[in-house]
Structures are given as C-alpha cells and as structure tokens.
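**Student:** Below you'll find the structure I mean.
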Amino acid sequence: LRICTARGGRAASHSLVRQPETMDAISATIVRPIVILVDTIITTLAFLIFIPALIFKVVTSGTRTLTKMEEFANFALGLPLGGWIVTFAVGIAAPYAGPIRANFIKVSKEESIVEMTEWSWLRNPFSSIHACALSNVAEMCATLTGLCAMQAQKGVRIIPVAINSSYLKKARGTVRATCKVELPKVSGKYEANVDITNKQQVLVCQVKVVFDVKVENKES
C-alpha cells in the first residue's frame, strides 16, 4: 500500500511496510484458538488411552508405581499419543510453558530431548523464534532432566538459579533442545548445557542453566 503526498511541488510516495509482528499478531488471533481446540481434542483422546493403561499398571504393579517423573514420562511416551500426556502434565506444573507447545521426545535422568515448533505467537520481528521462547524450552529441558536425576538420588535437591543463552543463528521451523545431566556428588553449582538445533541439525542456540545443588546424603 502506498500513500502519495505533495511535498515541494513533487509527489512523494511513502510505503506502509507490512510489519511482521503485526501479521503474526493477526495470525495468532485467528490460528491460536483453533490450535487450542485441536490440542484439547487430541489431549482428550490421549487420556482415553492413558487412563485405562494407568489403571492396569497400578493394579498389576502397585500404587507406588510411576511416582517419579522418569517412570511416568517413559510409561506415557510408550503409549499412543503419550507425548500429549507428558505435555499436559508439564503444563500443569509449569503453566508458563504452555504457549511453546513442547513435544517431549525423551525424558530421563541422563538426557532429555524436547522439540518446539515455530508458531506465529512465538516469532520475533525478524521472522524467527523469539529468544525468550528458545530460553524457555531450554530451561524446561534442563530442569526436567535435573528433576529426573534428583529423584534418582537420595538427599539431593536442585533449583535453577541462572540462565545464560547464546543465540548463534535464526531459529525457524521445528527446533530440538537436548540436555545431558550428571549431578555432582557434593553441594555446589552445576552447569547443565542445552544445545538447540534445527531440522538441518545446525546449532542455533546454546543455553547454560546453572543449578544450585544441595546434597544431604551421599548415598544414591
């Protein structure tokens, strides 16, 4: 769209440049309610599969089964649509993580893998995934791995106290966050490194999540 005005006897043409963030806002307004509806339907179907399987698991293995995050996640991920159950559970524990629509590929005390897809409400003005969204999924991946590692050791408590993100390339499409954790045997600060790569396996972001680790009992 161009607007022409007279300036000094000459016609001046001004372009109204389409702002990417404006288009993303419009897209998010239209698309996000649809996505939420679809997510609700799929999550409902996932629970219809998960609940009978959970009941059978409890009946056959006892009520103390699946009390740890790694056990719960691995059980859910082994079922059809099980990733939606893990996403729902994490969303309940950390509601701020909901908008990134994380897809959990692997959850364990040694390594976790989480994917995130570029959506209009996650973009920055440069048409790539926003820095805060990348830091968000990295912190989630690291904390989830740390939680599993913490639950696998007695007398260990951790809490994230710092995040340092380095943005190397524009992140577009679906990105994958990978974090490996090996908690120390003594109290202190521990850095968990998270690598975020794109579909071409190009490193787009590196995040260091610093945990404050308290070890009360050396027995694991």
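Residues in the structure tokens are numbered from 1 in each chain, the chains being A, B, ... in the order shown, and ligands are numbered from 1 in the order shown.
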Name all residues at most 9 Å from Ile100 (chain A) (count only C-alpha atoms; drop same-chain ones fewer than 5 positions away) and give them as a PyMOL selection string.

**Tutor:** chain A and resi 116-119+121-122+133+136-137

**Student:** Give me every strand (DSSP E or B) residue in chain A, going by DSSP on the backbone, as a short mmCIF file (atom, residue, chain, number, x, y, z; two decimals) with N, CA, C and O atoms, in the first residue's frame.

**Tutor:**
```cif
data_model
loop_
_atom_site.label_atom_id
_atom_site.label_comp_id
_atom_site.auth_asym_id
_atom_site.auth_seq_id
_atom_site.Cartn_x
_atom_site.Cartn_y
_atom_site.Cartn_z
N ARG A 2 0.59 2.20 -0.89
CA ARG A 2 1.38 3.42 -0.97
C ARG A 2 0.47 4.64 -0.81
O ARG A 2 -0.64 4.67 -1.32
N ILE A 3 1.01 5.64 -0.12
CA ILE A 3 0.30 6.90 0.05
C ILE A 3 1.13 7.98 -0.61
O ILE A 3 2.32 8.12 -0.32
N CYS A 4 0.55 8.75 -1.53
CA CYS A 4 1.26 9.82 -2.24
C CYS A 4 0.85 11.16 -1.66
O CYS A 4 -0.33 11.45 -1.49
N THR A 5 1.85 11.98 -1.36
CA THR A 5 1.59 13.32 -0.84
C THR A 5 2.41 14.31 -1.65
O THR A 5 3.44 13.97 -2.23
N ALA A 6 1.94 15.55 -1.66
CA ALA A 6 2.66 16.61 -2.37
C ALA A 6 3.64 17.25 -1.41
O ALA A 6 3.28 17.67 -0.32
N ARG A 7 4.89 17.31 -1.81
CA ARG A 7 5.91 17.91 -0.96
C ARG A 7 6.86 18.69 -1.88
O ARG A 7 7.54 18.11 -2.70
N ARG A 10 6.54 18.30 -5.60
CA ARG A 10 6.79 16.97 -6.15
C ARG A 10 6.00 15.95 -5.36
O ARG A 10 5.74 16.09 -4.17
N ALA A 11 5.63 14.93 -6.05
CA ALA A 11 4.86 13.86 -5.40
C ALA A 11 5.81 12.95 -4.65
O ALA A 11 6.80 12.46 -5.21
N ALA A 12 5.56 12.77 -3.38
CA ALA A 12 6.38 11.86 -2.58
C ALA A 12 5.56 10.62 -2.25
O ALA A 12 4.41 10.72 -1.85
N SER A 13 6.16 9.49 -2.44
CA SER A 13 5.47 8.22 -2.21
C SER A 13 6.01 7.57 -0.95
O SER A 13 7.22 7.41 -0.80
N HIS A 14 5.12 7.23 -0.06
CA HIS A 14 5.51 6.60 1.20
C HIS A 14 4.92 5.19 1.25
O HIS A 14 3.73 5.01 1.02
N SER A 15 5.76 4.23 1.52
CA SER A 15 5.30 2.84 1.63
C SER A 15 4.94 2.54 3.08
O SER A 15 5.66 2.90 4.00
N ASN A 103 7.06 -30.64 22.62
CA ASN A 103 6.87 -32.05 22.27
C ASN A 103 8.02 -32.84 22.88
O ASN A 103 9.17 -32.68 22.49
N PHE A 104 7.70 -33.72 23.82
CA PHE A 104 8.73 -34.44 24.56
C PHE A 104 9.08 -35.74 23.83
O PHE A 104 8.25 -36.62 23.66
N ILE A 105 10.34 -35.83 23.43
CA ILE A 105 10.83 -36.99 22.70
C ILE A 105 11.44 -38.02 23.65
O ILE A 105 11.23 -39.22 23.52
N LYS A 106 12.19 -37.52 24.61
CA LYS A 106 12.86 -38.40 25.57
C LYS A 106 12.97 -37.69 26.90
O LYS A 106 13.26 -36.50 26.95
N GLU A 111 19.48 -37.79 30.06
CA GLU A 111 19.29 -36.95 28.89
C GLU A 111 17.80 -36.75 28.61
O GLU A 111 17.00 -37.67 28.76
N SER A 112 17.46 -35.54 28.21
CA SER A 112 16.10 -35.25 27.77
C SER A 112 16.16 -34.53 26.43
O SER A 112 17.10 -33.78 26.16
N ILE A 113 15.15 -34.80 25.60
CA ILE A 113 15.05 -34.17 24.29
C ILE A 113 13.64 -33.60 24.14
O ILE A 113 12.66 -34.31 24.32
N VAL A 114 13.58 -32.31 23.83
CA VAL A 114 12.30 -31.62 23.70
C VAL A 114 12.29 -30.85 22.39
O VAL A 114 13.26 -30.15 22.07
N GLU A 115 11.20 -30.96 21.64
CA GLU A 115 11.07 -30.22 20.39
C GLU A 115 10.06 -29.09 20.54
O GLU A 115 9.11 -29.19 21.32
N MET A 116 10.26 -28.05 19.77
CA MET A 116 9.35 -26.90 19.75
C MET A 116 9.20 -26.44 18.31
O MET A 116 10.19 -26.31 17.58
N THR A 117 7.96 -26.19 17.91
CA THR A 117 7.68 -25.76 16.54
C THR A 117 7.42 -24.25 16.50
O THR A 117 6.82 -23.69 17.42
N ARG A 123 7.12 -15.90 17.37
CA ARG A 123 8.08 -15.24 16.50
C ARG A 123 8.45 -13.85 17.02
O ARG A 123 7.66 -13.17 17.65
N ILE A 129 12.08 -17.69 15.65
CA ILE A 129 11.60 -17.97 17.00
C ILE A 129 12.23 -17.00 18.00
O ILE A 129 13.44 -16.77 17.98
N VAL A 156 19.16 -35.32 47.59
CA VAL A 156 19.64 -34.31 46.64
C VAL A 156 18.50 -33.37 46.29
O VAL A 156 17.38 -33.80 46.00
N ARG A 157 18.79 -32.08 46.30
CA ARG A 157 17.81 -31.07 45.91
C ARG A 157 18.47 -30.11 44.94
O ARG A 157 19.63 -29.73 45.13
N ILE A 158 17.75 -29.69 43.93
CA ILE A 158 18.31 -28.74 42.96
C ILE A 158 17.30 -27.64 42.68
O ILE A 158 16.09 -27.83 42.81
N ILE A 159 17.83 -26.48 42.32
CA ILE A 159 16.98 -25.37 41.88
C ILE A 159 17.77 -24.54 40.87
O ILE A 159 18.96 -24.26 41.08
N PRO A 160 17.15 -24.19 39.73
CA PRO A 160 17.86 -23.35 38.76
C PRO A 160 18.02 -21.94 39.30
O PRO A 160 17.07 -21.35 39.82
N VAL A 161 19.22 -21.38 39.16
CA VAL A 161 19.48 -20.04 39.70
C VAL A 161 19.96 -19.06 38.63
O VAL A 161 20.02 -17.85 38.89
N ALA A 162 20.32 -19.56 37.45
CA ALA A 162 20.80 -18.66 36.40
C ALA A 162 20.66 -19.34 35.04
O ALA A 162 20.74 -20.57 34.93
N ILE A 163 20.45 -18.51 34.02
CA ILE A 163 20.37 -18.99 32.64
C ILE A 163 21.21 -18.06 31.77
O ILE A 163 21.06 -16.83 31.85
N ASN A 164 22.07 -18.63 30.96
CA ASN A 164 22.90 -17.86 30.05
C ASN A 164 22.71 -18.40 28.65
O ASN A 164 23.07 -19.55 28.36
N SER A 165 22.12 -17.61 27.77
CA SER A 165 21.78 -18.05 26.42
C SER A 165 22.65 -17.36 25.38
O SER A 165 22.89 -16.15 25.46
N SER A 166 23.11 -18.13 24.41
CA SER A 166 23.87 -17.60 23.27
C SER A 166 23.11 -17.95 21.99
O SER A 166 22.87 -19.13 21.72
N TYR A 167 22.73 -16.93 21.25
CA TYR A 167 21.93 -17.13 20.04
C TYR A 167 22.86 -17.06 18.84
O TYR A 167 23.42 -16.01 18.53
N THR A 174 10.92 -26.29 13.14
CA THR A 174 10.96 -27.08 14.37
C THR A 174 12.39 -27.17 14.87
O THR A 174 13.30 -27.49 14.12
N VAL A 175 12.58 -26.88 16.14
CA VAL A 175 13.91 -26.97 16.75
C VAL A 175 13.89 -28.02 17.85
O VAL A 175 12.83 -28.34 18.41
N ARG A 176 15.06 -28.55 18.14
CA ARG A 176 15.19 -29.62 19.13
C ARG A 176 16.19 -29.22 20.21
O ARG A 176 17.34 -28.88 19.91
N ALA A 177 15.75 -29.28 21.47
CA ALA A 177 16.61 -29.00 22.61
C ALA A 177 17.07 -30.31 23.23
O ALA A 177 16.24 -31.19 23.51
N THR A 178 18.37 -30.45 23.43
CA THR A 178 18.94 -31.66 24.01
C THR A 178 19.79 -31.28 25.21
O THR A 178 20.64 -30.39 25.13
N CYS A 179 19.56 -31.97 26.31
CA CYS A 179 20.32 -31.69 27.54
C CYS A 179 20.76 -32.98 28.20
O CYS A 179 19.96 -33.92 28.35
N LYS A 180 22.04 -33.04 28.57
CA LYS A 180 22.57 -34.16 29.32
C LYS A 180 23.00 -33.67 30.70
O LYS A 180 23.62 -32.61 30.82
N GLY A 188 26.92 -27.64 45.58
CA GLY A 188 27.59 -26.59 44.83
C GLY A 188 26.80 -26.22 43.59
O GLY A 188 25.65 -26.63 43.41
N LYS A 189 27.42 -25.42 42.74
CA LYS A 189 26.79 -25.00 41.49
C LYS A 189 27.11 -26.02 40.39
O LYS A 189 28.21 -26.54 40.30
N TYR A 190 26.11 -26.28 39.56
CA TYR A 190 26.29 -27.22 38.45
C TYR A 190 25.70 -26.62 37.19
O TYR A 190 24.56 -26.13 37.19
N GLU A 191 26.47 -26.65 36.10
CA GLU A 191 26.01 -26.12 34.81
C GLU A 191 25.50 -27.25 33.92
O GLU A 191 26.24 -28.19 33.63
N ALA A 192 24.26 -27.11 33.49
CA ALA A 192 23.69 -28.05 32.52
C ALA A 192 23.66 -27.35 31.17
O ALA A 192 23.12 -26.25 31.04
N ASN A 193 24.26 -27.97 30.17
CA ASN A 193 24.33 -27.38 28.84
C ASN A 193 23.20 -27.91 27.96
O ASN A 193 22.97 -29.12 27.90
N VAL A 194 22.54 -27.00 27.29
CA VAL A 194 21.45 -27.35 26.39
C VAL A 194 21.81 -26.87 24.98
O VAL A 194 22.09 -25.68 24.79
N ASP A 195 21.80 -27.80 24.03
CA ASP A 195 22.02 -27.45 22.63
C ASP A 195 20.69 -27.46 21.89
O ASP A 195 19.93 -28.43 22.00
N ILE A 196 20.41 -26.39 21.16
CA ILE A 196 19.19 -26.31 20.37
C ILE A 196 19.59 -26.31 18.90
O ILE A 196 20.34 -25.45 18.45
N THR A 197 19.07 -27.28 18.16
CA THR A 197 19.40 -27.42 16.75
C THR A 197 18.13 -27.36 15.91
O THR A 197 17.03 -27.61 16.41
N LEU A 203 23.37 -25.98 14.84
CA LEU A 203 23.23 -25.41 16.17
C LEU A 203 22.79 -23.95 16.07
O LEU A 203 23.49 -23.13 15.47
N VAL A 204 21.63 -23.64 16.63
CA VAL A 204 21.11 -22.28 16.55
C VAL A 204 21.19 -21.55 17.88
O VAL A 204 21.17 -20.32 17.93
N CYS A 205 21.29 -22.30 18.96
CA CYS A 205 21.31 -21.67 20.28
C CYS A 205 21.96 -22.61 21.30
O CYS A 205 21.74 -23.82 21.25
N GLN A 206 22.74 -22.04 22.18
CA GLN A 206 23.32 -22.77 23.30
C GLN A 206 22.92 -22.09 24.60
O GLN A 206 23.04 -20.87 24.72
N VAL A 207 22.47 -22.89 25.53
CA VAL A 207 21.99 -22.35 26.80
C VAL A 207 22.65 -23.08 27.95
O VAL A 207 22.73 -24.32 27.95
N LYS A 208 23.14 -22.33 28.91
CA LYS A 208 23.69 -22.90 30.14
C LYS A 208 22.71 -22.60 31.28
O LYS A 208 22.43 -21.43 31.56
N VAL A 209 22.21 -23.64 31.89
CA VAL A 209 21.32 -23.50 33.04
C VAL A 209 22.10 -23.88 34.28
O VAL A 209 22.60 -25.01 34.39
N VAL A 210 22.24 -22.93 35.20
CA VAL A 210 23.02 -23.17 36.41
C VAL A 210 22.08 -23.61 37.53
O VAL A 210 21.10 -22.93 37.84
N PHE A 211 22.40 -24.76 38.14
CA PHE A 211 21.63 -25.28 39.26
C PHE A 211 22.41 -25.12 40.55
O PHE A 211 23.64 -25.31 40.58
N ASP A 212 21.68 -24.80 41.60
CA ASP A 212 22.24 -24.86 42.95
C ASP A 212 21.90 -26.23 43.50
O ASP A 212 20.73 -26.56 43.70
N VAL A 213 22.92 -27.05 43.71
CA VAL A 213 22.72 -28.44 44.13
C VAL A 213 23.03 -28.58 45.63
O VAL A 213 24.09 -28.15 46.08
N LYS A 214 22.09 -29.16 46.35
CA LYS A 214 22.28 -29.43 47.78
C LYS A 214 22.26 -30.94 47.98
O LYS A 214 21.29 -31.61 47.65
N VAL A 215 23.36 -31.47 48.50
CA VAL A 215 23.48 -32.90 48.73
C VAL A 215 23.52 -33.14 50.23
O VAL A 215 24.46 -32.71 50.91
#
```

**Student:** I want to know what sits within 12 Å of Pro80 (chain A), based on only C-alpha atoms, with residues of the same chain fewer than 3 positions away left out; could you give that as number ranges by chain?

**Tutor:** A: 42-43, 45-50, 53, 75-77, 83-86

**Student:** Just list as a ChimeraX atom specification whatever in region 7-212 of chain A DSSP marks as helix (DSSP H, G or I).

**Tutor:** /A:20-61,69-77,82-93,95-100,120-122,131-151

**Student:** Have a look at CA of Gly82 (chain A) and CA of Thr44 (chain A) and let me know their distance in Å, one decimal.

**Tutor:**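 For CA of Gly82 (chain A) relative to CA of Thr44 (chain A), the distance reads 11.3 Å.
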
**Student:** My list of candidates is A:Ala131, A:Cys148, A:Ala138, A:Val58. Which is closest to Asn74 (chain A) when distances are computed with only C-alpha atoms?

**Tutor:**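 That would be A:Cys148, the residue with the smallest distance to Asn74 (chain A).
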